[in-house]
$ cat final-v2.pdb   # PDB, C-alpha atoms, pLDDT in the B column
ATOM      1  CA  MET D   1      -5.097 -34.012 -13.095  1.00 59.00           C
ATOM      2  CA  PHE D   2      -4.966 -32.331 -16.451  1.00 58.00           C
ATOM      3  CA  SER D   3      -2.184 -30.194 -17.947  1.00 54.00           C
ATOM      4  CA  ASN D   4      -2.626 -27.346 -20.387  1.00 51.00           C
ATOM      5  CA  ARG D   5       0.964 -27.488 -21.545  1.00 48.00           C
ATOM      6  CA  PRO D   6       2.590 -30.059 -23.850  1.00 39.00           C
ATOM      7  CA  SER D   7       4.358 -32.868 -22.003  1.00 39.00           C
ATOM      8  CA  ASN D   8       7.673 -34.577 -22.747  1.00 39.00           C
ATOM      9  CA  SER D   9       6.777 -37.200 -20.207  1.00 38.00           C
ATOM     10  CA  SER D  10       5.693 -40.782 -20.180  1.00 37.00           C
ATOM     11  CA  ALA D  11       2.076 -39.756 -20.410  1.00 36.00           C
ATOM     12  CA  GLN D  12       2.630 -39.648 -24.149  1.00 35.00           C
ATOM     13  CA  GLN D  13       4.151 -43.120 -23.996  1.00 36.00           C
ATOM     14  CA  SER D  14       1.784 -44.841 -21.544  1.00 37.00           C
ATOM     15  CA  ARG D  15       1.308 -48.529 -22.122  1.00 36.00           C
ATOM     16  CA  PRO D  16      -1.432 -50.848 -20.888  1.00 36.00           C
ATOM     17  CA  ARG D  17      -0.259 -53.697 -18.694  1.00 35.00           C
ATOM     18  CA  THR D  18      -1.155 -56.291 -21.338  1.00 32.00           C
ATOM     19  CA  GLY D  19       1.072 -54.596 -23.900  1.00 32.00           C
ATOM     20  CA  LEU D  20      -1.600 -52.778 -25.887  1.00 28.00           C
ATOM     21  CA  ARG D  21      -0.887 -49.072 -26.212  1.00 29.00           C
ATOM     22  CA  ALA D  22      -3.524 -46.615 -25.004  1.00 31.00           C
ATOM     23  CA  ALA D  23      -4.592 -44.122 -27.631  1.00 30.00           C
ATOM     24  CA  ALA D  24      -2.917 -40.704 -27.388  1.00 30.00           C
ATOM     25  CA  LEU D  25      -4.947 -37.552 -27.058  1.00 30.00           C
ATOM     26  CA  THR D  26      -5.054 -35.294 -30.078  1.00 26.00           C
ATOM     27  CA  ILE D  27      -6.245 -32.290 -28.060  1.00 27.00           C
ATOM     28  CA  PRO D  28      -4.536 -30.093 -25.467  1.00 29.00           C
ATOM     29  CA  LEU D  29      -4.515 -31.770 -22.083  1.00 31.00           C
ATOM     30  CA  ALA D  30      -5.424 -30.026 -18.962  1.00 33.00           C
ATOM     31  CA  ILE D  31      -4.820 -30.845 -14.442  1.00 36.00           C
ATOM     32  CA  ALA D  32      -7.612 -32.500 -12.473  1.00 40.00           C
ATOM     33  CA  GLY D  33      -6.716 -34.710  -9.548  1.00 40.00           C
ATOM     34  CA  VAL D  34      -9.683 -36.821 -10.329  1.00 36.00           C
ATOM     35  CA  LEU D  35     -11.397 -36.761 -13.953  1.00 38.00           C
ATOM     36  CA  GLY D  36     -16.989 -48.201 -23.107  1.00 28.00           C
ATOM     37  CA  ALA D  37     -14.220 -49.720 -24.703  1.00 27.00           C
ATOM     38  CA  ALA D  38     -12.518 -52.433 -22.668  1.00 28.00           C
ATOM     39  CA  VAL D  39      -8.960 -51.051 -22.815  1.00 30.00           C
ATOM     40  CA  PRO D  40      -6.611 -52.223 -20.022  1.00 33.00           C
ATOM     41  CA  PRO D  41      -5.301 -49.556 -17.604  1.00 36.00           C
ATOM     42  CA  ALA D  42      -2.105 -47.740 -18.519  1.00 37.00           C
ATOM     43  CA  GLN D  43       1.189 -47.535 -16.663  1.00 41.00           C
ATOM     44  CA  ALA D  44       3.807 -44.832 -17.018  1.00 37.00           C
ATOM     45  CA  ALA D  45       6.774 -45.473 -19.287  1.00 35.00           C
ATOM     46  CA  PRO D  46      10.205 -43.954 -18.502  1.00 33.00           C
ATOM     47  CA  THR D  47      10.182 -40.166 -18.582  1.00 35.00           C
ATOM     48  CA  GLN D  48      12.185 -38.718 -21.453  1.00 31.00           C
ATOM     49  CA  GLY D  49      15.079 -36.538 -20.406  1.00 30.00           C
ATOM     50  CA  GLN D  50      14.828 -37.531 -16.730  1.00 36.00           C
ATOM     51  CA  SER D  51      17.361 -40.260 -16.101  1.00 30.00           C
ATOM     52  CA  GLN D  52      16.516 -40.256 -12.396  1.00 36.00           C
ATOM     53  CA  THR D  53      12.991 -41.503 -13.029  1.00 38.00           C
ATOM     54  CA  THR D  54      12.521 -44.963 -11.538  1.00 41.00           C
ATOM     55  CA  HIS D  55       9.796 -47.577 -11.544  1.00 47.00           C
ATOM     56  CA  HIS D  56       7.703 -48.762  -8.655  1.00 49.00           C
ATOM     57  CA  ASN D  57       7.297 -52.512  -8.291  1.00 55.00           C
ATOM     58  CA  GLY D  58       4.241 -54.043  -6.693  1.00 56.00           C
ATOM     59  CA  PRO D  59       1.049 -52.494  -5.354  1.00 67.00           C
ATOM     60  CA  SER D  60       1.322 -49.211  -3.459  1.00 90.00           C
ATOM     61  CA  GLN D  61      -0.654 -48.454  -0.328  1.00 96.00           C
ATOM     62  CA  CYS D  62      -0.918 -45.870   2.412  1.00 97.00           C
ATOM     63  CA  ARG D  63      -1.634 -47.487   5.787  1.00 96.00           C
ATOM     64  CA  GLY D  64      -3.134 -50.497   4.044  1.00 96.00           C
ATOM     65  CA  GLU D  65      -5.268 -48.593   1.507  1.00 97.00           C
ATOM     66  CA  GLY D  66      -4.677 -47.885  -2.163  1.00 97.00           C
ATOM     67  CA  VAL D  67      -6.398 -46.893  -5.387  1.00 98.00           C
ATOM     68  CA  ASP D  68      -9.513 -48.576  -6.778  1.00 97.00           C
ATOM     69  CA  THR D  69      -8.212 -51.871  -8.165  1.00 95.00           C
ATOM     70  CA  SER D  70     -11.440 -52.428 -10.098  1.00 97.00           C
ATOM     71  CA  ALA D  71     -11.270 -49.084 -11.928  1.00 98.00           C
ATOM     72  CA  ARG D  72     -10.931 -49.236 -15.712  1.00 98.00           C
ATOM     73  CA  ILE D  73      -9.061 -45.921 -15.877  1.00 98.00           C
ATOM     74  CA  ARG D  74      -5.719 -46.009 -14.098  1.00 98.00           C
ATOM     75  CA  TYR D  75      -2.257 -44.475 -14.404  1.00 98.00           C
ATOM     76  CA  GLU D  76       0.905 -44.557 -12.312  1.00 98.00           C
ATOM     77  CA  SER D  77       4.367 -43.014 -12.512  1.00 97.00           C
ATOM     78  CA  ASP D  78       7.526 -42.262 -10.525  1.00 97.00           C
ATOM     79  CA  THR D  79      10.243 -39.666 -10.371  1.00 98.00           C
ATOM     80  CA  VAL D  80      13.239 -38.964  -8.127  1.00 98.00           C
ATOM     81  CA  ILE D  81      13.459 -35.475  -6.630  1.00 98.00           C
ATOM     82  CA  ASN D  82      16.806 -34.126  -5.443  1.00 98.00           C
ATOM     83  CA  ALA D  83      15.494 -32.472  -2.305  1.00 98.00           C
ATOM     84  CA  PRO D  84      14.950 -33.352   1.371  1.00 97.00           C
ATOM     85  CA  LEU D  85      12.014 -35.628   2.112  1.00 98.00           C
ATOM     86  CA  SER D  86      10.517 -33.038   4.460  1.00 97.00           C
ATOM     87  CA  THR D  87      10.539 -30.411   1.685  1.00 97.00           C
ATOM     88  CA  VAL D  88       8.827 -32.681  -0.844  1.00 98.00           C
ATOM     89  CA  PHE D  89       6.203 -33.947   1.588  1.00 98.00           C
ATOM     90  CA  LYS D  90       5.360 -30.468   2.878  1.00 97.00           C
ATOM     91  CA  LEU D  91       4.912 -29.137  -0.662  1.00 97.00           C
ATOM     92  CA  GLN D  92       2.541 -31.941  -1.532  1.00 98.00           C
ATOM     93  CA  THR D  93       0.471 -31.823   1.643  1.00 98.00           C
ATOM     94  CA  ASP D  94       0.269 -28.045   2.100  1.00 97.00           C
ATOM     95  CA  VAL D  95      -2.724 -28.105  -0.222  1.00 98.00           C
ATOM     96  CA  GLU D  96      -3.704 -24.478   0.329  1.00 97.00           C
ATOM     97  CA  ARG D  97      -0.477 -23.434  -1.421  1.00 98.00           C
ATOM     98  CA  TRP D  98      -0.938 -25.640  -4.495  1.00 98.00           C
ATOM     99  CA  PRO D  99      -1.960 -22.686  -6.712  1.00 98.00           C
ATOM    100  CA  ALA D 100       1.440 -21.053  -6.021  1.00 98.00           C
ATOM    101  CA  TRP D 101       3.354 -23.816  -7.814  1.00 98.00           C
ATOM    102  CA  GLN D 102       0.742 -25.627  -9.905  1.00 96.00           C
ATOM    103  CA  PRO D 103      -0.683 -23.192 -12.488  1.00 93.00           C
ATOM    104  CA  PRO D 104      -3.610 -25.483 -13.404  1.00 90.00           C
ATOM    105  CA  VAL D 105      -4.931 -25.345  -9.826  1.00 97.00           C
ATOM    106  CA  LEU D 106      -7.159 -22.286 -10.116  1.00 97.00           C
ATOM    107  CA  THR D 107      -8.600 -22.144  -6.600  1.00 98.00           C
ATOM    108  CA  MET D 108      -8.142 -24.108  -3.393  1.00 98.00           C
ATOM    109  CA  LYS D 109     -10.014 -24.080  -0.077  1.00 98.00           C
ATOM    110  CA  ARG D 110      -9.558 -26.216   3.018  1.00 98.00           C
ATOM    111  CA  LEU D 111     -12.923 -27.279   4.418  1.00 98.00           C
ATOM    112  CA  ASP D 112     -11.659 -27.916   7.954  1.00 97.00           C
ATOM    113  CA  PRO D 113      -9.003 -26.374  10.240  1.00 95.00           C
ATOM    114  CA  GLY D 114      -5.708 -27.732  11.477  1.00 94.00           C
ATOM    115  CA  PRO D 115      -3.026 -29.926   9.925  1.00 94.00           C
ATOM    116  CA  LEU D 116      -3.971 -32.140   7.001  1.00 97.00           C
ATOM    117  CA  ARG D 117      -4.948 -35.555   8.384  1.00 97.00           C
ATOM    118  CA  LYS D 118      -7.250 -38.503   7.792  1.00 98.00           C
ATOM    119  CA  GLY D 119     -10.738 -37.128   7.230  1.00 98.00           C
ATOM    120  CA  SER D 120      -9.568 -33.670   6.096  1.00 98.00           C
ATOM    121  CA  GLN D 121     -11.369 -32.219   3.102  1.00 98.00           C
ATOM    122  CA  PHE D 122     -10.395 -29.619   0.523  1.00 98.00           C
ATOM    123  CA  ARG D 123     -12.180 -28.216  -2.519  1.00 98.00           C
ATOM    124  CA  TRP D 124     -10.322 -27.024  -5.611  1.00 98.00           C
ATOM    125  CA  THR D 125     -10.940 -26.122  -9.233  1.00 98.00           C
ATOM    126  CA  THR D 126      -9.082 -26.765 -12.457  1.00 94.00           C
ATOM    127  CA  PRO D 127      -9.832 -26.291 -16.174  1.00 93.00           C
ATOM    128  CA  ALA D 128     -10.693 -29.278 -18.352  1.00 90.00           C
ATOM    129  CA  PRO D 129     -10.420 -28.787 -22.137  1.00 85.00           C
ATOM    130  CA  ALA D 130     -12.910 -30.048 -24.651  1.00 86.00           C
ATOM    131  CA  THR D 131     -12.624 -33.622 -25.879  1.00 83.00           C
ATOM    132  CA  PRO D 132     -14.485 -35.353 -28.727  1.00 82.00           C
ATOM    133  CA  SER D 133     -17.183 -36.332 -26.216  1.00 79.00           C
ATOM    134  CA  THR D 134     -17.138 -33.596 -23.527  1.00 82.00           C
ATOM    135  CA  PRO D 135     -17.147 -29.772 -23.531  1.00 87.00           C
ATOM    136  CA  ALA D 136     -14.478 -27.490 -22.120  1.00 93.00           C
ATOM    137  CA  THR D 137     -15.349 -26.748 -18.515  1.00 95.00           C
ATOM    138  CA  THR D 138     -13.977 -26.026 -15.057  1.00 97.00           C
ATOM    139  CA  LEU D 139     -14.018 -28.967 -12.693  1.00 96.00           C
ATOM    140  CA  GLU D 140     -14.747 -28.554  -9.002  1.00 98.00           C
ATOM    141  CA  ILE D 141     -13.089 -31.349  -7.030  1.00 98.00           C
ATOM    142  CA  THR D 142     -13.939 -32.174  -3.427  1.00 98.00           C
ATOM    143  CA  SER D 143     -11.201 -34.368  -1.975  1.00 98.00           C
ATOM    144  CA  THR D 144     -11.300 -36.291   1.300  1.00 98.00           C
ATOM    145  CA  VAL D 145      -8.081 -37.607   2.817  1.00 98.00           C
ATOM    146  CA  GLN D 146      -8.445 -41.351   3.395  1.00 98.00           C
ATOM    147  CA  GLN D 147      -5.007 -42.004   4.863  1.00 98.00           C
ATOM    148  CA  LEU D 148      -1.900 -39.973   5.658  1.00 98.00           C
ATOM    149  CA  GLN D 149       1.442 -40.979   7.154  1.00 98.00           C
ATOM    150  CA  ARG D 150       3.902 -38.140   7.663  1.00 97.00           C
ATOM    151  CA  ASN D 151       6.831 -38.170   5.240  1.00 97.00           C
ATOM    152  CA  HIS D 152       5.604 -41.434   3.752  1.00 98.00           C
ATOM    153  CA  CYS D 153       2.245 -41.333   1.986  1.00 98.00           C
ATOM    154  CA  ILE D 154      -1.120 -39.702   1.397  1.00 98.00           C
ATOM    155  CA  LEU D 155      -4.315 -41.039  -0.171  1.00 98.00           C
ATOM    156  CA  TRP D 156      -7.399 -38.994  -1.032  1.00 98.00           C
ATOM    157  CA  ARG D 157     -10.575 -39.543  -3.021  1.00 98.00           C
ATOM    158  CA  GLY D 158     -13.609 -37.645  -4.265  1.00 98.00           C
ATOM    159  CA  PRO D 159     -15.725 -36.552  -7.222  1.00 98.00           C
ATOM    160  CA  ALA D 160     -14.907 -33.971  -9.897  1.00 98.00           C
ATOM    161  CA  ILE D 161     -17.891 -32.119 -11.361  1.00 97.00           C
ATOM    162  CA  GLY D 162     -18.130 -29.516 -14.106  1.00 97.00           C
ATOM    163  CA  GLU D 163     -20.712 -28.339 -16.606  1.00 94.00           C
ATOM    164  CA  GLY D 164     -21.110 -31.260 -19.003  1.00 93.00           C
ATOM    165  CA  LEU D 165     -18.420 -33.405 -17.332  1.00 93.00           C
ATOM    166  CA  ARG D 166     -18.446 -35.622 -14.259  1.00 96.00           C
ATOM    167  CA  ILE D 167     -15.937 -38.021 -12.722  1.00 97.00           C
ATOM    168  CA  ASP D 168     -17.868 -39.963 -10.098  1.00 98.00           C
ATOM    169  CA  GLU D 169     -14.770 -40.747  -8.075  1.00 98.00           C
ATOM    170  CA  GLY D 170     -11.040 -40.251  -8.382  1.00 98.00           C
ATOM    171  CA  VAL D 171      -8.720 -42.039  -5.951  1.00 98.00           C
ATOM    172  CA  HIS D 172      -5.200 -40.606  -5.763  1.00 98.00           C
ATOM    173  CA  LEU D 173      -2.233 -42.128  -3.936  1.00 98.00           C
ATOM    174  CA  TRP D 174       1.215 -40.643  -3.351  1.00 98.00           C
ATOM    175  CA  THR D 175       4.170 -42.364  -1.662  1.00 98.00           C
ATOM    176  CA  PHE D 176       7.537 -40.849  -0.747  1.00 98.00           C
ATOM    177  CA  THR D 177      10.702 -42.902  -0.178  1.00 97.00           C
ATOM    178  CA  LYS D 178      14.275 -41.811   0.556  1.00 97.00           C
ATOM    179  CA  VAL D 179      16.661 -43.135  -2.103  1.00 97.00           C
ATOM    180  CA  LYS D 180      20.144 -42.349  -3.324  1.00 95.00           C
ATOM    181  CA  GLY D 181      19.912 -38.925  -4.937  1.00 93.00           C
ATOM    182  CA  GLY D 182      16.846 -37.735  -3.057  1.00 97.00           C
ATOM    183  CA  VAL D 183      13.259 -38.879  -2.756  1.00 98.00           C
ATOM    184  CA  ARG D 184      11.429 -41.290  -5.005  1.00 98.00           C
ATOM    185  CA  VAL D 185       7.882 -40.062  -5.472  1.00 98.00           C
ATOM    186  CA  HIS D 186       5.349 -42.586  -6.727  1.00 98.00           C
ATOM    187  CA  THR D 187       1.831 -41.612  -7.743  1.00 98.00           C
ATOM    188  CA  GLU D 188      -1.189 -43.626  -8.856  1.00 98.00           C
ATOM    189  CA  GLU D 189      -4.710 -42.509  -9.656  1.00 98.00           C
ATOM    190  CA  THR D 190      -7.921 -44.191 -10.763  1.00 98.00           C
ATOM    191  CA  TRP D 191     -11.127 -42.728 -12.180  1.00 98.00           C
ATOM    192  CA  THR D 192     -14.607 -44.217 -12.235  1.00 98.00           C
ATOM    193  CA  GLY D 193     -17.846 -42.990 -13.765  1.00 98.00           C
ATOM    194  CA  ALA D 194     -19.966 -43.749 -16.806  1.00 96.00           C
ATOM    195  CA  GLN D 195     -18.991 -40.585 -18.664  1.00 93.00           C
ATOM    196  CA  VAL D 196     -15.212 -41.024 -18.541  1.00 94.00           C
ATOM    197  CA  GLU D 197     -15.472 -44.789 -18.953  1.00 96.00           C
ATOM    198  CA  ALA D 198     -17.238 -44.222 -22.282  1.00 94.00           C
ATOM    199  CA  ASP D 199     -13.837 -43.256 -23.764  1.00 94.00           C
ATOM    200  CA  ILE D 200     -11.188 -45.036 -21.727  1.00 95.00           C
ATOM    201  CA  PRO D 201      -8.170 -44.280 -23.978  1.00 95.00           C
ATOM    202  CA  THR D 202      -8.875 -40.535 -23.946  1.00 92.00           C
ATOM    203  CA  ALA D 203      -9.542 -40.474 -20.209  1.00 94.00           C
ATOM    204  CA  THR D 204      -6.403 -42.516 -19.467  1.00 95.00           C
ATOM    205  CA  ALA D 205      -4.255 -40.254 -21.632  1.00 93.00           C
ATOM    206  CA  ALA D 206      -5.662 -37.147 -19.916  1.00 91.00           C
ATOM    207  CA  LEU D 207      -5.091 -38.638 -16.489  1.00 94.00           C
ATOM    208  CA  GLY D 208      -1.531 -39.631 -17.390  1.00 95.00           C
ATOM    209  CA  ALA D 209      -0.631 -36.232 -18.782  1.00 92.00           C
ATOM    210  CA  GLY D 210      -1.971 -34.564 -15.677  1.00 92.00           C
ATOM    211  CA  LEU D 211      -0.006 -36.771 -13.298  1.00 96.00           C
ATOM    212  CA  GLU D 212       3.203 -36.321 -15.268  1.00 96.00           C
ATOM    213  CA  ALA D 213       2.736 -32.539 -15.204  1.00 95.00           C
ATOM    214  CA  TRP D 214       2.114 -32.674 -11.454  1.00 97.00           C
ATOM    215  CA  LEU D 215       5.291 -34.692 -10.892  1.00 98.00           C
ATOM    216  CA  HIS D 216       7.217 -32.237 -13.055  1.00 97.00           C
ATOM    217  CA  ASP D 217       5.945 -29.229 -11.081  1.00 98.00           C
ATOM    218  CA  LEU D 218       6.599 -30.912  -7.733  1.00 98.00           C
ATOM    219  CA  LYS D 219      10.147 -31.846  -8.758  1.00 98.00           C
ATOM    220  CA  ALA D 220      10.946 -28.419 -10.179  1.00 98.00           C
ATOM    221  CA  THR D 221       9.582 -26.556  -7.164  1.00 98.00           C
ATOM    222  CA  ALA D 222      11.202 -28.774  -4.524  1.00 98.00           C
ATOM    223  CA  GLU D 223      14.601 -28.730  -6.218  1.00 98.00           C
ATOM    224  CA  SER D 224      14.452 -24.976  -6.771  1.00 97.00           C
ATOM    225  CA  ARG D 225      13.688 -24.358  -3.096  1.00 96.00           C
ATOM    226  CA  THR D 226      16.468 -26.680  -2.052  1.00 96.00           C
ATOM    227  CA  ARG D 227      19.023 -24.846  -4.199  1.00 96.00           C
ATOM    228  CA  ALA D 228      17.874 -21.529  -2.754  1.00 94.00           C
ATOM    229  CA  GLN D 229      18.485 -22.617   0.838  1.00 85.00           C
TER     230      GLN D 229
END

$ encode --input "final-v2.pdb" --output "structure tokens"
Amino acid sequence: MFSNRPSNSSAQQSRPRTGLRAAALTIPLAIAGVLGAAVPPAQAAPTQGQSQTTHHNGPSQCRGEGVDTSARIRYESDTVINAPLSTVFKLQTDVERWPAWQPPVLTMKRLDPGPLRKGSQFRWTTPAPATPSTPATTLEITSTVQQLQRNHCILWRGPAIGEGLRIDEGVHLWTFTKVKGGVRVHTEETWTGAQVEADIPTATAALGAGLEAWLHDLKATAESRTRAQ
């Protein structure tokens, strides 16, 4: 995902697992759930100003499946949300309502009826700003749910395609765990494709900023609804 607004989050502090720091973007960053130098994948650093942010240890999976471990573009992060697990999970999986609380999600359409489940598909759009190697465009993302376990996890994957920009496949995992103070939400995403892999630091920074913005919006919305109850 991309974010059009500046971020105070760990996306600006992401660090590769080998200790080398991924290059920061010098352009505005936009949301896309899925958007060559051999730069190791980045991992989220602690979020500034959010003392409840925690770290996830070990590989994450949803019913035995996870992100693309061979992908060269990867980012992960955590936050703790002071809200009921049911509230957080419903917000995240009621995909048709994403535009109501995520401004960068421009349009959203379910491609099948009924509750979200394994095999469900949804198509959504989001703006992507210009980078040194790609033009500003609007990405159309077709996501297919690979795994879903109620109140625990969801995994989806699919391509993101815009004029002059293509992400062959994004794989996005979310897990939700009850902890003291609320729900720990962990997210990981990988991107593959020749175009984004041609500039791994820029792609990783864009991916990280988008995921941090998504976590921020999810936290703010869930906690606001909880206070209003």

$ atom_distance --input "final-v2.pdb" --atom1 "atom CA of Ala222 of chain D" --atom2 "atom CA of Arg97 of chain D"
13.2 Å

$ closest_residue --input "final-v2.pdb" --among "D:Ala213, D:Leu111, D:Ala71, D:Ile161" --to "Leu139 of chain D" --atoms "only C-alpha atoms"
D:Ile161

$ atom_distance --input "final-v2.pdb" --atom1 "atom CA of Leu116 of chain D" --atom2 "atom CA of Val145 of chain D"
8.0 Å

$ closest_residue --input "final-v2.pdb" --among "D:Asp68, D:Ala205, D:Asp94, D:Gln195" --to "Arg166 of chain D" --atoms "only C-alpha atoms"
D:Gln195

$ closest_residue --input "final-v2.pdb" --among "D:Arg225, D:His186, D:Arg123, D:Arg157" --to "Ser86 of chain D" --atoms "all atoms listed in the file"
D:Arg225

$ closest_residue --input "final-v2.pdb" --among "D:Thr93, D:Gln121, D:Gln147, D:Thr138" --to "Gly64 of chain D" --atoms "only C-alpha atoms"
D:Gln147

$ closest_residue --input "final-v2.pdb" --among "D:Thr202, D:Val95, D:His216, D:Thr137" --to "Trp124 of chain D" --atoms "only C-alpha atoms"
D:Val95

$ resolve_selection --input "final-v2.pdb" --expression "the PyMOL selection byres ((chain D and resi 74) around 10)" --output "tab-separated table (two decimals) with C-alpha atoms, keeping the file's coordinate frame"
chain	number	residue	atom	x	y	z
D	16	PRO	CA	-1.43	-50.85	-20.89
D	40	PRO	CA	-6.61	-52.22	-20.02
D	41	PRO	CA	-5.30	-49.56	-17.60
D	42	ALA	CA	-2.10	-47.74	-18.52
D	43	GLN	CA	1.19	-47.54	-16.66
D	67	VAL	CA	-6.40	-46.89	-5.39
D	68	ASP	CA	-9.51	-48.58	-6.78
D	69	THR	CA	-8.21	-51.87	-8.16
D	70	SER	CA	-11.44	-52.43	-10.10
D	71	ALA	CA	-11.27	-49.08	-11.93
D	72	ARG	CA	-10.93	-49.24	-15.71
D	73	ILE	CA	-9.06	-45.92	-15.88
D	75	TYR	CA	-2.26	-44.48	-14.40
D	76	GLU	CA	0.90	-44.56	-12.31
D	170	GLY	CA	-11.04	-40.25	-8.38
D	171	VAL	CA	-8.72	-42.04	-5.95
D	172	HIS	CA	-5.20	-40.61	-5.76
D	188	GLU	CA	-1.19	-43.63	-8.86
D	189	GLU	CA	-4.71	-42.51	-9.66
D	190	THR	CA	-7.92	-44.19	-10.76
D	191	TRP	CA	-11.13	-42.73	-12.18
D	192	THR	CA	-14.61	-44.22	-12.24
D	200	ILE	CA	-11.19	-45.04	-21.73
D	203	ALA	CA	-9.54	-40.47	-20.21
D	204	THR	CA	-6.40	-42.52	-19.47
D	205	ALA	CA	-4.26	-40.25	-21.63
D	207	LEU	CA	-5.09	-38.64	-16.49
D	208	GLY	CA	-1.53	-39.63	-17.39

$ atom_distance --input "final-v2.pdb" --atom1 "atom CA of Leu173 of chain D" --atom2 "atom CA of Arg227 of chain D"
27.4 Å

$ resolve_selection --input "final-v2.pdb" --expression "the PyMOL selection byres ((chain D and resi 103) around 10)" --output "list in words"
Ser3, Asn4, Ile31, Trp98, Pro99, Ala100, Trp101, Gln102, Pro104, Val105, Leu106, Thr107, Thr126, Trp214 and Asp217 of chain D

$ closest_residue --input "final-v2.pdb" --among "D:Ala198, D:Cys62, D:Val179, D:Val80" --to "Glu223 of chain D" --atoms "only C-alpha atoms"
D:Val80

$ resolve_selection --input "final-v2.pdb" --expression "the PyMOL selection byres ((chain D and resi 181) around 8)" --output "ChimeraX atom specification"
/D:80-82,179-180,182-183

$ write_last_selection --input "final-v2.pdb" --atoms "C-alpha atoms" --output "compact mmCIF listing (two decimals), in the coordinates of the input"
# COMPACT_ATOMS: atom_id res chain seq x y z
CA VAL D 80 13.24 -38.96 -8.13
CA ILE D 81 13.46 -35.48 -6.63
CA ASN D 82 16.81 -34.13 -5.44
CA VAL D 179 16.66 -43.14 -2.10
CA LYS D 180 20.14 -42.35 -3.32
CA GLY D 182 16.85 -37.74 -3.06
CA VAL D 183 13.26 -38.88 -2.76

$ axis_aligned_box --input "final-v2.pdb" --around "segment 163-166 of chain D" --padding-each-side "3 Å" --output "AutoDock Vina command-line options"
--center_x -19.8 --center_y -32.0 --center_z -16.6 --size_x 8.7 --size_y 13.3 --size_z 10.7
